[in-house]
Structures are given as structure tokens and as C-alpha cells.
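Raw contents of upload.txt, compact mmCIF, C-alpha atoms:
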# COMPACT_ATOMS: atom_id res chain seq x y z
CA MET I 889 46.28 36.09 134.91
CA PRO I 890 46.76 38.67 132.12
CA PRO I 891 43.93 41.09 131.43
CA PRO I 892 41.44 39.90 128.82
CA ASP I 893 42.15 40.90 125.23
CA THR I 894 39.09 41.42 123.09
CA THR I 895 41.17 40.76 119.95
CA LEU I 896 41.56 37.11 120.96
CA ASP I 897 38.77 34.67 120.20
CA VAL I 898 37.50 32.21 122.78
CA ASN I 899 39.98 29.47 121.90
CA ALA I 900 42.98 31.80 121.81
CA THR I 901 41.92 33.24 125.17
CA GLU I 902 41.80 29.71 126.57
CA ALA I 903 45.31 29.09 125.23
CA LEU I 904 46.53 32.25 126.96
CA HIS I 905 44.87 31.27 130.22
CA ARG I 906 46.27 27.72 130.06
CA LEU I 907 49.83 28.97 129.63
CA SER I 908 49.38 31.64 132.30
CA ALA I 909 48.04 29.08 134.76
CA ALA I 910 51.06 26.87 134.11
CA ARG I 911 53.34 29.75 135.01
CA ALA I 912 51.34 30.67 138.12
CA THR I 913 50.94 27.15 139.48
CA ARG I 914 54.33 25.88 138.27
CA ARG I 915 52.60 22.92 136.70
CA PRO I 916 53.21 22.37 132.97
CA CYS I 917 50.07 22.25 130.89
CA ALA I 918 48.76 20.33 127.91
CA PRO I 919 49.72 21.65 124.45
CA VAL I 920 47.67 24.60 123.20
CA ARG I 921 47.93 23.76 119.50
CA ALA I 922 44.51 22.08 119.47
CA LEU I 923 42.99 25.40 120.56
CA LEU I 924 44.46 27.34 117.63
CA PRO I 925 44.25 26.76 113.88
CA ALA I 926 46.87 24.25 112.75
CA GLY I 927 50.11 26.00 111.86
CA ASP I 928 48.61 29.47 112.42
CA VAL I 929 51.60 31.41 113.75
CA ASP I 930 49.67 34.69 113.52
CA ALA I 931 47.15 33.40 116.06
CA ALA I 932 50.02 32.15 118.23
CA TYR I 933 51.83 35.51 118.09
CA ALA I 934 48.57 37.20 119.14
CA VAL I 935 48.52 35.02 122.25
CA GLN I 936 52.18 35.85 122.89
CA SER I 937 51.60 39.59 122.47
CA THR I 938 48.67 39.56 124.87
CA TRP I 939 50.75 37.79 127.51
CA VAL I 940 53.56 40.32 127.06
CA ALA I 941 51.08 43.19 127.40
CA GLY I 942 49.91 41.68 130.68
CA GLN I 943 53.48 41.54 131.93
CA GLN I 944 54.02 45.18 130.97
CA ALA I 945 50.84 46.15 132.78
CA ALA I 946 52.29 44.44 135.86
CA GLY I 947 55.48 46.54 135.60
CA ALA I 948 57.87 44.52 133.41
CA ARG I 949 59.86 46.27 130.68
CA ILE I 950 60.66 44.96 127.22
CA VAL I 951 64.46 44.92 126.82
CA GLY I 952 64.79 42.99 123.56
CA ARG I 953 63.89 39.93 121.57
CA LYS I 954 65.07 36.35 121.21
CA ILE I 955 65.23 34.23 118.11
CA GLY I 956 64.35 30.61 118.57
CA LEU I 957 64.76 27.49 116.50
CA THR I 958 67.66 28.73 114.36
CA ASN I 959 69.80 25.63 114.85
CA PRO I 960 68.90 22.51 112.84
CA VAL I 961 69.80 20.27 115.79
CA VAL I 962 67.46 22.20 118.09
CA GLN I 963 64.73 22.10 115.43
CA ARG I 964 65.08 18.33 115.35
CA GLN I 965 65.11 18.18 119.15
CA LEU I 966 61.74 19.96 119.23
CA GLY I 967 60.20 18.67 116.01
CA VAL I 968 59.81 22.05 114.28
CA ASP I 969 61.14 23.36 110.97
CA GLN I 970 61.22 27.17 111.11
CA PRO I 971 62.55 29.94 113.37
CA ASP I 972 60.39 32.00 115.66
CA PHE I 973 60.87 34.85 118.10
CA GLY I 974 59.87 35.93 121.57
CA VAL I 975 60.13 38.99 123.77
CA LEU I 976 62.80 39.55 126.42
CA LEU I 977 61.67 41.27 129.61
CA ASP I 978 63.85 42.86 132.27
CA THR I 979 62.52 40.26 134.72
CA MET I 980 64.22 37.52 132.67
CA ARG I 981 67.77 38.86 132.91
CA CYS I 982 70.07 37.17 135.42
CA ARG I 983 73.50 38.17 136.69
CA PRO I 984 76.42 35.91 135.77
CA ASP I 985 77.85 36.21 139.30
CA ALA I 986 74.74 35.10 141.20
CA PRO I 987 73.16 31.61 141.31
CA ILE I 988 69.83 31.27 139.54
CA GLU I 989 67.01 29.78 141.58
CA ILE I 990 65.80 26.91 139.43
CA ALA I 991 62.29 27.26 140.86
CA ARG I 992 61.94 30.31 138.59
CA THR I 993 61.58 27.81 135.74
CA LEU I 994 59.48 24.72 135.00
CA GLN I 995 61.46 22.55 132.56
CA PRO I 996 64.70 24.43 131.92
CA LYS I 997 67.24 23.76 129.22
CA ILE I 998 70.27 25.89 128.40
CA GLU I 999 71.97 26.96 125.17
CA ALA I 1000 74.85 29.24 124.27
CA GLU I 1001 74.28 32.15 121.92
CA ILE I 1002 75.68 35.41 120.60
CA ALA I 1003 73.78 38.44 121.91
CA PHE I 1004 73.60 41.64 119.88
CA ILE I 1005 73.12 45.01 121.56
CA LEU I 1006 71.74 47.45 119.04
CA ALA I 1007 73.00 51.00 118.53
CA HIS I 1008 70.36 51.95 115.96
CA ASP I 1009 66.80 51.07 115.03
CA LEU I 1010 66.31 48.43 112.34
CA THR I 1011 63.32 49.67 110.37
CA ALA I 1012 64.42 49.89 106.72
CA PRO I 1013 62.27 48.32 103.97
CA VAL I 1014 65.11 45.90 103.21
CA ILE I 1015 67.31 44.61 106.05
CA GLY I 1016 70.32 42.39 105.41
CA PRO I 1017 73.27 41.13 107.44
CA SER I 1018 75.36 44.21 106.63
CA ASP I 1019 72.58 46.46 107.94
CA VAL I 1020 72.51 44.48 111.18
CA ALA I 1021 76.29 44.79 111.56
CA ALA I 1022 76.13 48.56 110.97
CA SER I 1023 73.35 48.90 113.55
CA THR I 1024 75.04 46.84 116.28
CA ALA I 1025 76.89 48.52 119.15
CA TYR I 1026 78.60 45.28 120.21
CA VAL I 1027 78.10 41.57 120.75
CA VAL I 1028 78.59 39.46 123.88
CA ALA I 1029 78.50 35.78 124.77
CA ALA I 1030 75.15 34.77 126.22
CA LEU I 1031 73.35 31.85 127.83
CA GLU I 1032 69.65 31.45 127.34
CA ILE I 1033 67.69 29.29 129.75
CA VAL I 1034 64.83 28.18 127.57
CA ASP I 1035 61.72 26.86 129.27
CA SER I 1036 58.41 25.44 128.16
CA ARG I 1037 55.12 25.69 129.95
CA ILE I 1038 53.98 22.71 127.83
CA ALA I 1039 54.36 19.37 129.62
CA GLU I 1040 57.29 17.21 128.44
CA TRP I 1041 58.21 19.85 125.84
CA ASP I 1042 55.51 18.33 123.60
CA ILE I 1043 55.40 21.31 121.25
CA ASP I 1044 55.00 22.36 117.68
CA ILE I 1045 55.56 25.82 116.21
CA VAL I 1046 52.16 27.08 117.41
CA ASP I 1047 52.79 25.92 120.99
CA THR I 1048 56.22 27.52 121.27
CA VAL I 1049 55.24 30.84 119.64
CA ALA I 1050 52.20 31.21 121.90
CA ASP I 1051 54.48 30.43 124.86
CA ASN I 1052 56.73 33.41 124.04
CA ALA I 1053 59.07 31.21 122.00
CA SER I 1054 59.72 29.03 125.06
CA SER I 1055 61.57 31.90 126.73
CA GLY I 1056 62.80 31.58 130.28
CA LEU I 1057 65.81 33.52 131.52
CA PHE I 1058 69.10 34.80 130.08
CA VAL I 1059 72.60 35.77 131.13
CA LEU I 1060 75.00 38.08 129.27
CA GLY I 1061 78.78 38.01 129.39
CA ASP I 1062 80.82 41.10 130.25
CA LEU I 1063 83.23 41.34 127.30
CA GLN I 1064 81.90 43.65 124.58
CA THR I 1065 83.21 43.02 121.05
CA ASP I 1066 82.83 44.98 117.84
CA VAL I 1067 80.92 42.74 115.44
CA THR I 1068 82.73 44.18 112.41
CA GLU I 1069 85.96 42.59 113.70
CA LEU I 1070 84.46 39.08 113.64
CA ASP I 1071 83.76 36.29 111.22
CA LEU I 1072 80.64 35.15 113.05
CA PRO I 1073 80.00 31.91 111.13
CA ALA I 1074 83.53 30.77 112.04
CA CYS I 1075 83.15 31.49 115.76
CA ARG I 1076 83.33 28.23 117.70
CA MET I 1077 81.22 27.53 120.78
CA SER I 1078 81.72 25.05 123.57
CA LEU I 1079 79.38 24.70 126.53
CA LEU I 1080 80.64 22.94 129.65
CA ARG I 1081 78.72 21.58 132.61
CA ALA I 1082 81.31 21.60 135.37
CA ASP I 1083 84.35 20.22 133.47
CA ASP I 1084 82.45 18.24 130.83
CA VAL I 1085 81.73 19.55 127.34
CA VAL I 1086 78.00 19.04 126.79
CA SER I 1087 77.33 21.08 123.63
CA THR I 1088 79.42 22.39 120.74
CA GLY I 1089 78.74 24.33 117.59
CA SER I 1090 79.56 27.45 115.64
CA GLY I 1091 78.06 30.62 114.27
CA ALA I 1092 77.37 28.78 111.03
CA ASP I 1093 74.88 26.60 112.95
CA CYS I 1094 72.68 29.65 113.53
CA LEU I 1095 70.85 30.06 110.17
CA GLY I 1096 74.27 30.01 108.52
CA ASP I 1097 75.28 33.31 110.15
CA PRO I 1098 73.97 35.04 113.30
CA LEU I 1099 73.84 38.29 111.31
CA ALA I 1100 71.40 36.61 108.91
CA ALA I 1101 69.34 35.40 111.87
CA VAL I 1102 69.06 38.92 113.28
CA ALA I 1103 68.23 40.27 109.82
CA TRP I 1104 65.39 37.73 109.64
CA LEU I 1105 64.13 38.85 113.03
CA ALA I 1106 64.43 42.54 112.18
CA ALA I 1107 62.35 42.15 109.02
CA THR I 1108 59.80 39.90 110.74
CA ALA I 1109 59.44 42.20 113.76
CA ARG I 1110 59.14 45.24 111.49
CA ASP I 1111 56.42 43.56 109.45
CA ARG I 1112 54.57 42.72 112.65
CA GLY I 1113 54.62 46.35 113.74
CA ARG I 1114 57.20 46.09 116.53
CA PRO I 1115 60.60 46.78 114.93
CA LEU I 1116 63.90 46.33 116.71
CA ARG I 1117 65.02 49.51 118.42
CA ALA I 1118 68.32 51.01 119.57
CA GLY I 1119 69.36 49.68 122.96
CA GLU I 1120 67.55 46.39 122.60
CA ILE I 1121 69.20 43.04 123.28
CA VAL I 1122 68.81 40.36 120.64
CA LEU I 1123 69.59 36.74 121.46
CA SER I 1124 70.41 35.48 117.99
CA GLY I 1125 69.82 31.75 118.45
CA ALA I 1126 71.48 28.58 119.65
CA LEU I 1127 74.96 27.71 118.42
CA GLY I 1128 74.59 24.10 119.51
CA PRO I 1129 72.16 21.60 121.04
CA MET I 1130 70.30 22.67 124.17
CA VAL I 1131 71.07 20.84 127.41
CA PRO I 1132 68.73 20.04 130.36
CA VAL I 1133 69.37 21.95 133.59
CA THR I 1134 69.15 20.50 137.11
CA PRO I 1135 69.77 22.03 140.56
CA GLY I 1136 73.47 22.34 141.33
CA ASP I 1137 74.52 22.62 137.69
CA ARG I 1138 77.15 25.16 136.70
CA PHE I 1139 77.61 25.99 133.03
CA HIS I 1140 80.43 27.83 131.27
CA ALA I 1141 80.18 28.84 127.62
CA ARG I 1142 83.13 29.91 125.49
CA ILE I 1143 82.64 31.52 122.08
CA SER I 1144 85.88 32.14 120.19
CA GLY I 1145 86.56 35.77 119.45
CA ILE I 1146 83.62 36.90 121.58
CA GLY I 1147 84.11 35.78 125.16
CA GLU I 1148 82.76 33.64 127.96
CA VAL I 1149 79.72 33.54 130.22
CA THR I 1150 78.68 31.41 133.17
CA ALA I 1151 75.47 30.44 134.92
CA SER I 1152 74.87 28.30 138.00
CA PHE I 1153 71.64 26.92 139.44
CA THR I 1154 70.47 26.30 142.96
CA GLY I 1155 67.35 25.14 144.75
CA GLY I 1156 64.66 22.85 143.46
CA ALA I 1157 60.97 22.53 142.81
CA SER I 1158 58.80 24.28 145.34
Using the file provided, produce a representation of the structure as C-alpha cells.
Amino acid sequence: MPPPDTTLDVNATEALHRLSAARATRRPCAPVRALLPAGDVDAAYAVQSTWVAGQQAAGARIVGRKIGLTNPVVQRQLGVDQPDFGVLLDTMRCRPDAPIEIARTLQPKIEAEIAFILAHDLTAPVIGPSDVAASTAYVVAALEIVDSRIAEWDIDIVDTVADNASSGLFVLGDLQTDVTELDLPACRMSLLRADDVVSTGSGADCLGDPLAAVAWLAATARDRGRPLRAGEIVLSGALGPMVPVTPGDRFHARISGIGEVTASFTGGAS
């Protein structure tokens, strides 16, 4: 369990402990939204930050951020109406050439994204898509394995933010592409399970433009006192609907102009 945080009130501390217990026992928990003020994303981000601090204290490193809920289809899938963000830890990164043990997750779903690797900090008072492009070293195709500690994915915005934006694991492709050479909204994505296409979309499905999504994150993270820094990975959001994952699945994502990435899953519930 994470160390206690005196900045959290009793209810927020209970929310933190409920989510932490779900992770530790591998048993999804009841929603935490009843423990926090309705719609209070600040309270939810405080729970998230305290959990991340506990992971850092245990030896994990922050390697970036993820943007969630950028795709209207995913918003409808989860019943929310605004983006959010979570923290990426080094313990979440998986190799594309090694099977992922599904027991590392509780209720996994997968989505294809464009990942940005930053060359420069994003801290300016005004941050737009062109600033993001100028600050990006390269982009790669990515798969995010999203996961919820909330039973049956019964979440609202408060639940998912407190739960580190429903983060799970992620995989990055190998091909590095200069973002200035791309028309990101026009990039087409297809996600295959084995030989079957199970999700499609485009860069335009990610807040209209993945650069705009990262600009939103950069400004939001800056305003919350933890700006995006050079070297960080940013998962910019789903390009199409998320897909449930089961043991034995193998996924292959293709993003035109950017590249491909694969992930396979083994094992089962312990």
C-alpha cells in the first residue's frame, strides 16, 4: 500500500487504498466516485499523484504521460465526455518481441496510438500544436494496454483519473519518424487481432489532431506543476475503439506513415 499522504482527506485516502488493494489482490473494486466530490477531477488527480509517489518510493521511474479519452468512440464506450491524463512508469513498458503475461493486468483492453518522444521541455505560457511539433524528437506507433481497477469498467471521469487514467502497460514500435514530415490527422490506423481487423481510425479521431492532444496535455500538466520534459514519452490517445484482450491474443497495429507495432499475450488469471 502507498505511504499515507497527509494532503488527502479521509475519503480520498480510502479511494487510494481501495484502488491499491485492487492492484495488490488482483480483484477489481467498487467505483471510488462516491468517496470523492462529484466531478472533482482535482481530488481525483491528488489520489493519482499520491499513488505515483508511492510507486516512485518503491523504485519505479516516471518515463512519460498518457492522454486518455481523446477519441469520441472511447468516450462513449466509457461514458465520459472529456480527456484526462495519467503517468507512465518504467514498470509499464513492455517489449514488442516478448509475450506479455496477462496476469499483470485485471481487465485489459488494447488501443493503437501515436507516441511522441520529446526532445525539449514544454513549459511555455502558451503551447500549441506547432510548439509540440518543434519539441518532438520523433514519433512511433504504440499500443496501450489500458486497464481498470474498477469492476466491470463502471467508471466516470473521477474514477478513471484517480486510477491513473486507467493505465496498464504499453508497447512502442521501433521505427522513428520525424513528425514534421507527417499529416497526423490523415494517418490511418488499423488494429488486427491475428488476421482480423478489430479497430480502425485515424489521427483526426484523436481530438482532431494528435498534436492538439499533446498540446492540451502539455498545458494541463504545466498548470498542475508537472510539465512535460525532454526525453519523456507521451501516448497521445486512441485512434480507434479499444478492444478487450484475452490470453493467447496477438495484436498488430499499422499506422500509415508512422509504422507498425505488435503485442501478444500469454497466461491467465492467477
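Ranking I:Val1014, I:Ile950, I:Ala926, I:Ala931 by their shortest atom-to-atom distance to Arg981 of chain I, with only C-alpha atoms included, puts I:Ile950 first.
Restricting the calculation to only C-alpha atoms, the smallest distance between Gln995 of chain I and any of I:Asp969, I:Asp1062, I:Glu1040, I:Asp978 is found for I:Glu1040.
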Practice problem: Measuring atom to atom with all atoms listed in the file, identify which of I:Ile1121, I:Gln943, I:Arg1138, I:Arg983 is nearest to Tyr1026 of chain I. | Solution: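 Ranking I:Ile1121, I:Gln943, I:Arg1138, I:Arg983 by distance to Tyr1026 of chain I, first place goes to I:Ile1121.
Nearest residue to Asp1047 of chain I among I:Thr1150, I:Thr1108, I:Thr901, I:Gln936 is I:Gln936, counting all atoms listed in the file.
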Expected axis-aligned box over every listed atom of segment 949-954 of chain I, 5 Å added per side, centre plus edges in Å to one decimal, as JSON:
{"center_x": 62.5, "center_y": 41.3, "center_z": 125.9, "size_x": 15.2, "size_y": 19.9, "size_z": 19.5}
Exercise. Using atom CA of Pro1017 of chain I and atom CA of Val1131 of chain I as the two end points, give the distance in Å to one decimal.
Key: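 Straight-line distance from atom CA of Pro1017 of chain I to atom CA of Val1131 of chain I works out to 28.6 Å.
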Self-check item: Residues near Leu907 of chain I, cut-off 7 Å, only C-alpha atoms, skip fewer than 4 positions along chain, as a ChimeraX atom specification
Solution: /I:903,911,917,1037,1051
Practice problem: Can you work out which one of I:Val935, I:Cys1094, I:Val1086, I:Ala1118 has the shortest atom-to-atom distance to Ala1022 of chain I, counting all atoms listed in the file? | Solution: I:Ala1118
Exercise. Measuring atom to atom with only C-alpha atoms, identify which of I:Cys1075, I:Ala1021, I:Val1027, I:Leu1063 is nearest to Ala1103 of chain I.
Key: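 Selected residue with least distance to Ala1103 of chain I: I:Ala1021.
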Quiz item: Hey, can you check how far atom CA of Ile1015 of chain I sits from atom CA of Asp1044 of chain I?
Solution: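 Calculated distance between atom CA of Ile1015 of chain I and atom CA of Asp1044 of chain I is 28.0 Å.
The point (49.0, 34.2, 113.9) has these residues within 12 Å of it when only C-alpha atoms are used: Thr895, Leu896, Ala900, Arg921, Leu924, Pro925, Ala926, Gly927, Asp928, Val929, Asp930, Ala931, Ala932, Tyr933, Ala934, Val935, Gln936, Ser937, Asp972, Ile1045, Val1046, Asp1047, Val1049, Ala1050 and Arg1112 of chain I.
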Quiz item: If we count all atoms listed in the file, what is near Gly1155 of chain I at a cut-off of 9 Å, once residues fewer than 5 positions away on the same chain are taken out, given as a list in words?
Solution: Ile988, Glu989, Ile990, Ala991, Pro1135 and Gly1136 of chain I
Quiz item: Once you count only C-alpha atoms, which residues end up no further than 12 Å from (58.8, 17.8, 121.0) in the file's frame, shown as a list in words?
Solution: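 Nearby residues: Pro919, Val962, Gln963, Arg964, Gln965, Leu966, Gly967, Val968, Asp969, Ser1036, Ile1038, Ala1039, Glu1040, Trp1041, Asp1042, Ile1043, Asp1044, Ile1045, Val1046, Asp1047, Thr1048 and Ser1054 of chain I.
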Quiz prompt | Distance in Å - atom CA of Ala1126 of chain I versus atom CA of Thr979 of chain I | solution =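 According to the coordinates, atom CA of Ala1126 of chain I and atom CA of Thr979 of chain I are separated by 21.1 Å.
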Quiz item: Can you tell me, as an MDAnalysis selection string, what residues are no more than 9 Å from Ser1144 of chain I when counting only C-alpha atoms, ignoring any on the same chain fewer than 6 positions away?
Solution: chainID I and resid 1074:1078
Practice problem: Name the residues in contact with Glu1001 of chain I at a cut-off of 8 Å, using all atoms listed in the file, excluding same-chain residues fewer than 6 positions from it; report them as a list of chain:residue names. | Solution: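 Residues near the query, excluding close chain neighbours: I:Ala1029, I:Ala1030, I:Leu1031, I:Glu1032, I:Leu1123, I:Ser1124, I:Gly1125, I:Ala1126, I:Leu1127.
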Quiz prompt | Contacts of Asp1066 of chain I within 12 Å, all atoms listed in the file, excl. fewer than 5 positions in-chain, as a ChimeraX atom specification | solution = /I:1003-1007,1021-1028,1071-1072,1145-1147
